[in-house]
Structure formats: C-alpha cells, structure tokens
>>> print(open('query.cif').read())   # mmCIF, N, CA and C atoms and all ligand atoms
data_entry
loop_
_atom_site.label_atom_id
_atom_site.label_comp_id
_atom_site.auth_asym_id
_atom_site.auth_seq_id
_atom_site.Cartn_x
_atom_site.Cartn_y
_atom_site.Cartn_z
N MET H 166 101.85 85.82 114.10
CA MET H 166 101.89 87.14 113.47
C MET H 166 102.41 88.16 114.49
N ALA H 167 101.74 88.24 115.64
CA ALA H 167 102.16 89.14 116.72
C ALA H 167 102.51 90.52 116.22
N LEU H 168 103.60 91.06 116.76
CA LEU H 168 103.95 92.45 116.47
C LEU H 168 104.63 92.62 115.12
N ARG H 169 105.02 91.53 114.49
CA ARG H 169 105.77 91.64 113.25
C ARG H 169 105.03 92.47 112.19
N VAL H 170 103.76 92.20 112.01
CA VAL H 170 103.02 92.93 110.98
C VAL H 170 102.92 94.39 111.35
N GLY H 171 102.67 94.67 112.64
CA GLY H 171 102.55 96.06 113.07
C GLY H 171 103.81 96.84 112.83
N LEU H 172 104.95 96.20 113.05
CA LEU H 172 106.22 96.92 112.92
C LEU H 172 106.83 96.82 111.53
N PHE H 173 106.65 95.69 110.86
CA PHE H 173 107.45 95.46 109.66
C PHE H 173 106.64 95.16 108.42
N ASP H 174 105.36 95.43 108.46
CA ASP H 174 104.55 95.21 107.28
C ASP H 174 105.13 96.04 106.13
N GLY H 175 105.52 95.40 105.07
CA GLY H 175 106.09 96.12 103.94
C GLY H 175 107.60 96.27 104.02
N HIS H 176 108.19 95.77 105.10
CA HIS H 176 109.64 95.86 105.27
C HIS H 176 110.19 94.46 105.53
N ASP H 177 111.46 94.24 105.25
CA ASP H 177 112.10 92.98 105.61
C ASP H 177 112.22 92.91 107.12
N MET H 178 112.08 91.71 107.68
CA MET H 178 112.23 91.56 109.12
C MET H 178 113.72 91.47 109.46
N PRO H 179 114.24 92.36 110.26
CA PRO H 179 115.66 92.31 110.62
C PRO H 179 115.98 91.13 111.53
N ASP H 180 117.24 90.67 111.51
CA ASP H 180 117.65 89.52 112.30
C ASP H 180 117.41 89.70 113.79
N TRP H 181 117.65 90.90 114.32
CA TRP H 181 117.50 91.11 115.76
C TRP H 181 116.09 90.82 116.23
N ARG H 182 115.13 90.91 115.31
CA ARG H 182 113.72 90.73 115.68
C ARG H 182 113.44 89.33 116.23
N ARG H 183 114.32 88.36 115.90
CA ARG H 183 114.12 86.99 116.39
C ARG H 183 114.26 86.91 117.92
N GLU H 184 114.93 87.91 118.52
CA GLU H 184 115.11 87.92 119.97
C GLU H 184 114.14 88.85 120.68
N ALA H 185 113.22 89.45 119.95
CA ALA H 185 112.30 90.43 120.53
C ALA H 185 111.32 89.77 121.49
N ARG H 186 111.12 90.38 122.62
CA ARG H 186 110.15 89.87 123.59
C ARG H 186 108.73 89.93 123.04
N SER H 187 108.47 90.84 122.15
CA SER H 187 107.12 91.02 121.62
C SER H 187 106.81 90.03 120.49
N ARG H 188 107.75 89.22 120.13
CA ARG H 188 107.61 88.35 118.96
C ARG H 188 106.34 87.51 118.99
N GLU H 189 105.99 86.98 120.14
CA GLU H 189 104.82 86.10 120.23
C GLU H 189 103.65 86.75 120.99
N ILE H 190 103.69 88.06 121.11
CA ILE H 190 102.65 88.78 121.84
C ILE H 190 101.72 89.46 120.84
N PRO H 191 100.41 89.36 121.03
CA PRO H 191 99.48 89.99 120.08
C PRO H 191 99.76 91.48 119.91
N ALA H 192 99.71 91.92 118.67
CA ALA H 192 100.05 93.30 118.35
C ALA H 192 99.13 94.31 119.02
N ASP H 193 97.90 93.89 119.35
CA ASP H 193 96.98 94.88 119.92
C ASP H 193 97.39 95.32 121.33
N LEU H 194 98.36 94.62 121.93
CA LEU H 194 98.90 95.12 123.19
C LEU H 194 99.70 96.40 122.94
N PHE H 195 100.28 96.51 121.77
CA PHE H 195 101.15 97.64 121.42
C PHE H 195 100.45 98.69 120.54
N PHE H 196 99.44 98.25 119.81
CA PHE H 196 98.75 99.15 118.89
C PHE H 196 97.25 99.09 119.13
N THR H 197 96.65 100.21 119.50
CA THR H 197 95.21 100.26 119.67
C THR H 197 94.56 100.75 118.38
N GLU H 198 93.28 100.49 118.28
CA GLU H 198 92.51 101.03 117.16
C GLU H 198 92.26 102.51 117.41
N PRO H 199 92.05 103.30 116.35
CA PRO H 199 91.74 104.73 116.54
C PRO H 199 90.55 104.90 117.48
N GLY H 200 90.70 105.77 118.45
CA GLY H 200 89.63 106.04 119.39
C GLY H 200 89.63 105.13 120.60
N GLU H 201 90.40 104.04 120.54
CA GLU H 201 90.49 103.11 121.66
C GLU H 201 91.47 103.65 122.69
N ILE H 202 91.13 103.52 123.95
CA ILE H 202 91.98 104.07 125.01
C ILE H 202 92.86 102.98 125.60
N SER H 203 94.14 103.27 125.72
CA SER H 203 95.07 102.36 126.39
C SER H 203 96.18 103.19 126.99
N ASN H 204 96.65 102.79 128.15
CA ASN H 204 97.80 103.50 128.71
C ASN H 204 99.11 102.81 128.32
N TYR H 205 99.00 101.72 127.59
CA TYR H 205 100.15 100.99 127.08
C TYR H 205 101.09 100.52 128.18
N ARG H 206 100.58 100.45 129.41
CA ARG H 206 101.46 100.06 130.52
C ARG H 206 102.07 98.68 130.29
N GLU H 207 101.25 97.73 129.90
CA GLU H 207 101.77 96.38 129.70
C GLU H 207 102.79 96.33 128.58
N ALA H 208 102.54 97.07 127.51
CA ALA H 208 103.49 97.10 126.40
C ALA H 208 104.83 97.67 126.86
N ARG H 209 104.78 98.72 127.63
CA ARG H 209 106.02 99.34 128.11
C ARG H 209 106.79 98.37 129.00
N LEU H 210 106.08 97.58 129.79
CA LEU H 210 106.74 96.59 130.65
C LEU H 210 107.44 95.52 129.81
N VAL H 211 106.78 95.09 128.74
CA VAL H 211 107.41 94.11 127.85
C VAL H 211 108.68 94.70 127.26
N CYS H 212 108.60 95.90 126.76
CA CYS H 212 109.76 96.54 126.13
C CYS H 212 110.89 96.77 127.13
N ALA H 213 110.54 97.06 128.37
CA ALA H 213 111.56 97.35 129.38
C ALA H 213 112.51 96.17 129.58
N GLY H 214 112.01 94.95 129.38
CA GLY H 214 112.86 93.78 129.56
C GLY H 214 113.32 93.16 128.26
N CYS H 215 113.19 93.87 127.17
CA CYS H 215 113.54 93.31 125.86
C CYS H 215 115.04 93.43 125.59
N PRO H 216 115.69 92.33 125.19
CA PRO H 216 117.14 92.38 124.95
C PRO H 216 117.55 93.12 123.68
N VAL H 217 116.59 93.42 122.84
CA VAL H 217 116.93 94.10 121.58
C VAL H 217 116.23 95.46 121.47
N ARG H 218 115.99 96.06 122.60
CA ARG H 218 115.27 97.34 122.61
C ARG H 218 116.03 98.42 121.83
N ALA H 219 117.33 98.50 122.01
CA ALA H 219 118.12 99.53 121.30
C ALA H 219 118.02 99.35 119.79
N GLU H 220 118.13 98.11 119.34
CA GLU H 220 118.02 97.82 117.91
C GLU H 220 116.63 98.17 117.39
N CYS H 221 115.62 97.86 118.19
CA CYS H 221 114.24 98.15 117.83
C CYS H 221 114.04 99.66 117.66
N VAL H 222 114.52 100.43 118.61
CA VAL H 222 114.36 101.89 118.54
C VAL H 222 115.08 102.46 117.33
N ASP H 223 116.32 102.04 117.12
CA ASP H 223 117.07 102.55 115.96
C ASP H 223 116.36 102.21 114.66
N ASP H 224 115.84 101.00 114.59
CA ASP H 224 115.16 100.56 113.37
C ASP H 224 113.92 101.40 113.10
N VAL H 225 113.06 101.51 114.09
CA VAL H 225 111.79 102.20 113.85
C VAL H 225 112.01 103.69 113.58
N LEU H 226 112.99 104.28 114.24
CA LEU H 226 113.23 105.71 114.01
C LEU H 226 113.81 105.95 112.62
N ALA H 227 114.39 104.92 112.03
CA ALA H 227 114.99 105.07 110.70
C ALA H 227 113.93 105.10 109.59
N TRP H 228 112.79 104.42 109.80
CA TRP H 228 111.82 104.37 108.70
C TRP H 228 110.48 105.04 109.01
N GLU H 229 110.17 105.20 110.28
CA GLU H 229 108.89 105.79 110.64
C GLU H 229 108.89 107.28 110.29
N ARG H 230 107.82 107.78 109.78
CA ARG H 230 107.71 109.18 109.39
C ARG H 230 106.63 109.88 110.20
N PRO H 231 106.73 111.21 110.38
CA PRO H 231 105.66 111.93 111.07
C PRO H 231 104.31 111.60 110.44
N GLY H 232 103.34 111.38 111.27
CA GLY H 232 102.02 110.99 110.78
C GLY H 232 101.85 109.49 110.69
N GLN H 233 102.97 108.74 110.72
CA GLN H 233 102.92 107.27 110.70
C GLN H 233 103.06 106.70 112.10
N ARG H 234 103.57 107.50 113.03
CA ARG H 234 103.87 106.97 114.36
C ARG H 234 102.58 106.56 115.05
N HIS H 235 102.61 105.31 115.56
CA HIS H 235 101.40 104.74 116.15
C HIS H 235 101.81 103.68 117.16
N GLY H 236 101.20 103.69 118.31
CA GLY H 236 101.43 102.65 119.30
C GLY H 236 102.77 102.75 120.01
N VAL H 237 103.03 101.74 120.83
CA VAL H 237 104.28 101.68 121.58
C VAL H 237 105.28 100.84 120.80
N VAL H 238 106.46 101.40 120.56
CA VAL H 238 107.57 100.68 119.93
C VAL H 238 108.83 101.05 120.71
N GLY H 239 109.58 100.04 121.07
CA GLY H 239 110.80 100.30 121.83
C GLY H 239 110.51 100.92 123.19
N GLY H 240 109.32 100.70 123.69
CA GLY H 240 108.94 101.26 124.99
C GLY H 240 108.55 102.72 124.94
N MET H 241 108.44 103.28 123.75
CA MET H 241 108.13 104.70 123.61
C MET H 241 106.81 104.91 122.88
N SER H 242 106.12 105.96 123.29
CA SER H 242 104.89 106.36 122.63
C SER H 242 105.23 107.08 121.32
N PRO H 243 104.25 107.31 120.46
CA PRO H 243 104.50 108.09 119.24
C PRO H 243 105.07 109.48 119.54
N VAL H 244 104.57 110.12 120.58
CA VAL H 244 105.06 111.47 120.93
C VAL H 244 106.52 111.40 121.36
N GLN H 245 106.85 110.40 122.17
CA GLN H 245 108.25 110.26 122.61
C GLN H 245 109.17 109.99 121.43
N ARG H 246 108.74 109.17 120.49
CA ARG H 246 109.58 108.89 119.31
C ARG H 246 109.77 110.16 118.48
N GLU H 247 108.72 110.92 118.36
CA GLU H 247 108.82 112.18 117.62
C GLU H 247 109.83 113.12 118.29
N GLN H 248 109.80 113.15 119.62
CA GLN H 248 110.74 114.00 120.35
C GLN H 248 112.18 113.55 120.13
N VAL H 249 112.41 112.25 120.11
CA VAL H 249 113.77 111.73 119.88
C VAL H 249 114.24 112.12 118.47
N VAL H 250 113.39 111.96 117.49
CA VAL H 250 113.76 112.31 116.11
C VAL H 250 114.08 113.80 116.02
N ARG H 251 113.26 114.62 116.62
CA ARG H 251 113.49 116.07 116.57
C ARG H 251 114.81 116.44 117.26
N ALA H 252 115.08 115.79 118.40
CA ALA H 252 116.32 116.06 119.12
C ALA H 252 117.54 115.67 118.29
N ARG H 253 117.43 114.53 117.60
CA ARG H 253 118.54 114.06 116.77
C ARG H 253 118.79 114.97 115.58
N HIS H 254 117.75 115.64 115.13
CA HIS H 254 117.87 116.52 113.96
C HIS H 254 117.88 117.99 114.35
N GLY H 255 118.21 118.27 115.58
CA GLY H 255 118.33 119.65 116.01
C GLY H 255 117.03 120.41 116.01
N GLY H 256 115.91 119.72 116.25
CA GLY H 256 114.62 120.38 116.35
C GLY H 256 113.74 120.20 115.16
N ALA H 257 114.30 119.74 114.02
CA ALA H 257 113.49 119.51 112.82
C ALA H 257 113.30 118.03 112.63
N ALA H 258 112.07 117.58 112.41
CA ALA H 258 111.81 116.15 112.22
C ALA H 258 112.10 115.72 110.80
S1 LIG V 301 111.59 96.94 122.44
FE1 LIG V 301 109.40 96.42 122.62
S2 LIG V 301 108.53 96.71 120.57
FE2 LIG V 301 110.77 96.62 120.35
S3 LIG V 301 111.24 94.48 119.89
FE3 LIG V 301 111.42 94.74 122.09
S4 LIG V 301 109.44 94.20 122.96
FE4 LIG V 301 109.15 94.54 120.76
#
>>> encode(input="query.cif", output="structure tokens")
Amino acid sequence: MALRVGLFDGHDMPDWRREARSREIPADLFFTEPGEISNYREARLVCAGCPVRAECVDDVLAWERPGQRHGVVGGMSPVQREQVVRARHGGAA
C-alpha cells in the first residue's frame, strides 16, 4: 500500500509512480496523524533522491486543494506547496 493510498486514493495511479522511491515505504513516514509531531526529515531525504520528484510535484499541485494539503509530498510541506501554488497563480491559490 505504502504512499499510494495517501497520494492517490480516489485517483488513478500515474505511470511515473512506478519509479517513486516512496512506493514501498509506509505512508506514515510522509503523513502524520492530526496532533502528531514530525519534522518529516526522513521523508524529505527520500524525496530528495527520488527520480520522479518533478512529476510528483506537478501531479499533486494539479489536484490538491487548499485545506487538503497534508504531509510531505515531493519533498515539500503543505505550507511550501501552498506557496508554490500561490506563486504560480500570482498570489491567489
Ligand atoms: S518525490 Fe517523494 S513523495 Fe513524490 S514520489 Fe518521490 S519519494 Fe514519493
């Protein structure tokens, strides 16, 4: 199951996902429960060496909506992803 459910539950799994470093890693490394503390350091390290990081970021930014952002995806926190979306849309998410 790994990260697939966390990222793609309710969505088709894209082909690039077969090369994802997180494919066989438990999702809780990337997604904590509400109130649980994590610095996501290990998740960020996994993403840093992922060969499909660019595809992952483009994918998640295309479907994730404000209020849905959770955990580390593409090596970025929810706040960082929100900042990228806002920058791409000239300040409006
Ligand atoms: S960038 Fe990170 S979250 Fe995205 S596929 Fe790669 S390892 Fe998984």
>>> select_by_dssp(input="query.cif", residues="segment 181-224 of chain H", states="alpha helix (DSSP H)", output="PyMOL selection string")
chain H and resi 206-213+218-224
>>> write_last_selection(input="query.cif", atoms="N, CA and C atoms", output="short mmCIF file (atom, residue, chain, number, x, y, z; two decimals), in the coordinates of the input")
data_model
loop_
_atom_site.label_atom_id
_atom_site.label_comp_id
_atom_site.auth_asym_id
_atom_site.auth_seq_id
_atom_site.Cartn_x
_atom_site.Cartn_y
_atom_site.Cartn_z
N ARG H 206 100.58 100.45 129.41
CA ARG H 206 101.46 100.06 130.52
C ARG H 206 102.07 98.68 130.29
N GLU H 207 101.25 97.73 129.90
CA GLU H 207 101.77 96.38 129.70
C GLU H 207 102.79 96.33 128.58
N ALA H 208 102.54 97.07 127.51
CA ALA H 208 103.49 97.10 126.40
C ALA H 208 104.83 97.67 126.86
N ARG H 209 104.78 98.72 127.63
CA ARG H 209 106.02 99.34 128.11
C ARG H 209 106.79 98.37 129.00
N LEU H 210 106.08 97.58 129.79
CA LEU H 210 106.74 96.59 130.65
C LEU H 210 107.44 95.52 129.81
N VAL H 211 106.78 95.09 128.74
CA VAL H 211 107.41 94.11 127.85
C VAL H 211 108.68 94.70 127.26
N CYS H 212 108.60 95.90 126.76
CA CYS H 212 109.76 96.54 126.13
C CYS H 212 110.89 96.77 127.13
N ALA H 213 110.54 97.06 128.37
CA ALA H 213 111.56 97.35 129.38
C ALA H 213 112.51 96.17 129.58
N ARG H 218 115.99 96.06 122.60
CA ARG H 218 115.27 97.34 122.61
C ARG H 218 116.03 98.42 121.83
N ALA H 219 117.33 98.50 122.01
CA ALA H 219 118.12 99.53 121.30
C ALA H 219 118.02 99.35 119.79
N GLU H 220 118.13 98.11 119.34
CA GLU H 220 118.02 97.82 117.91
C GLU H 220 116.63 98.17 117.39
N CYS H 221 115.62 97.86 118.19
CA CYS H 221 114.24 98.15 117.83
C CYS H 221 114.04 99.66 117.66
N VAL H 222 114.52 100.43 118.61
CA VAL H 222 114.36 101.89 118.54
C VAL H 222 115.08 102.46 117.33
N ASP H 223 116.32 102.04 117.12
CA ASP H 223 117.07 102.55 115.96
C ASP H 223 116.36 102.21 114.66
N ASP H 224 115.84 101.00 114.59
CA ASP H 224 115.16 100.56 113.37
C ASP H 224 113.92 101.40 113.10
#
>>> residues_around(input="query.cif", residues="segment 216-231 of chain H", least_positions_apart="4", cutoff="7 Å", atoms="all atoms listed in the file", output="number ranges by chain")
H: 181, 184-186, 212, 238-240, 250
>>> atom_distance(input="query.cif", atom1="atom CA of Pro243 of chain H", atom2="atom CA of Glu189 of chain H")
22.0 Å
>>> axis_aligned_box(input="query.cif", around="segment 235-249 of chain H", padding_each_side="5 Å", output="lines of an AutoDock Vina configuration file")
center_x = 107.7
center_y = 107.0
center_z = 120.3
size_x = 23.0
size_y = 24.0
size_z = 19.4
>>> closest_residue(input="query.cif", among="H:Ser242, H:Tyr205, H:Ala213, H:Asp180", to="ligand LIG 301 (chain V)", atoms="all atoms listed in the file")
H:Ala213
>>> closest_residue(input="query.cif", among="H:Thr197, H:His254, H:Gly214, H:Ser187", to="ligand LIG 301 (chain V)", atoms="only C-alpha atoms and all ligand atoms")
H:Ser187
>>> atom_distance(input="query.cif", atom1="atom CA of Glu198 of chain H", atom2="atom CA of Gly232 of chain H")
15.2 Å
>>> closest_residue(input="query.cif", among="H:Glu247, H:Met178, H:Glu207, H:Gln233", to="Ile190 of chain H", atoms="only C-alpha atoms")
H:Glu207
>>> closest_residue(input="query.cif", among="H:Pro179, H:Glu201, H:Phe196, H:Cys215", to="ligand LIG 301 (chain V)", atoms="all atoms listed in the file")
H:Cys215
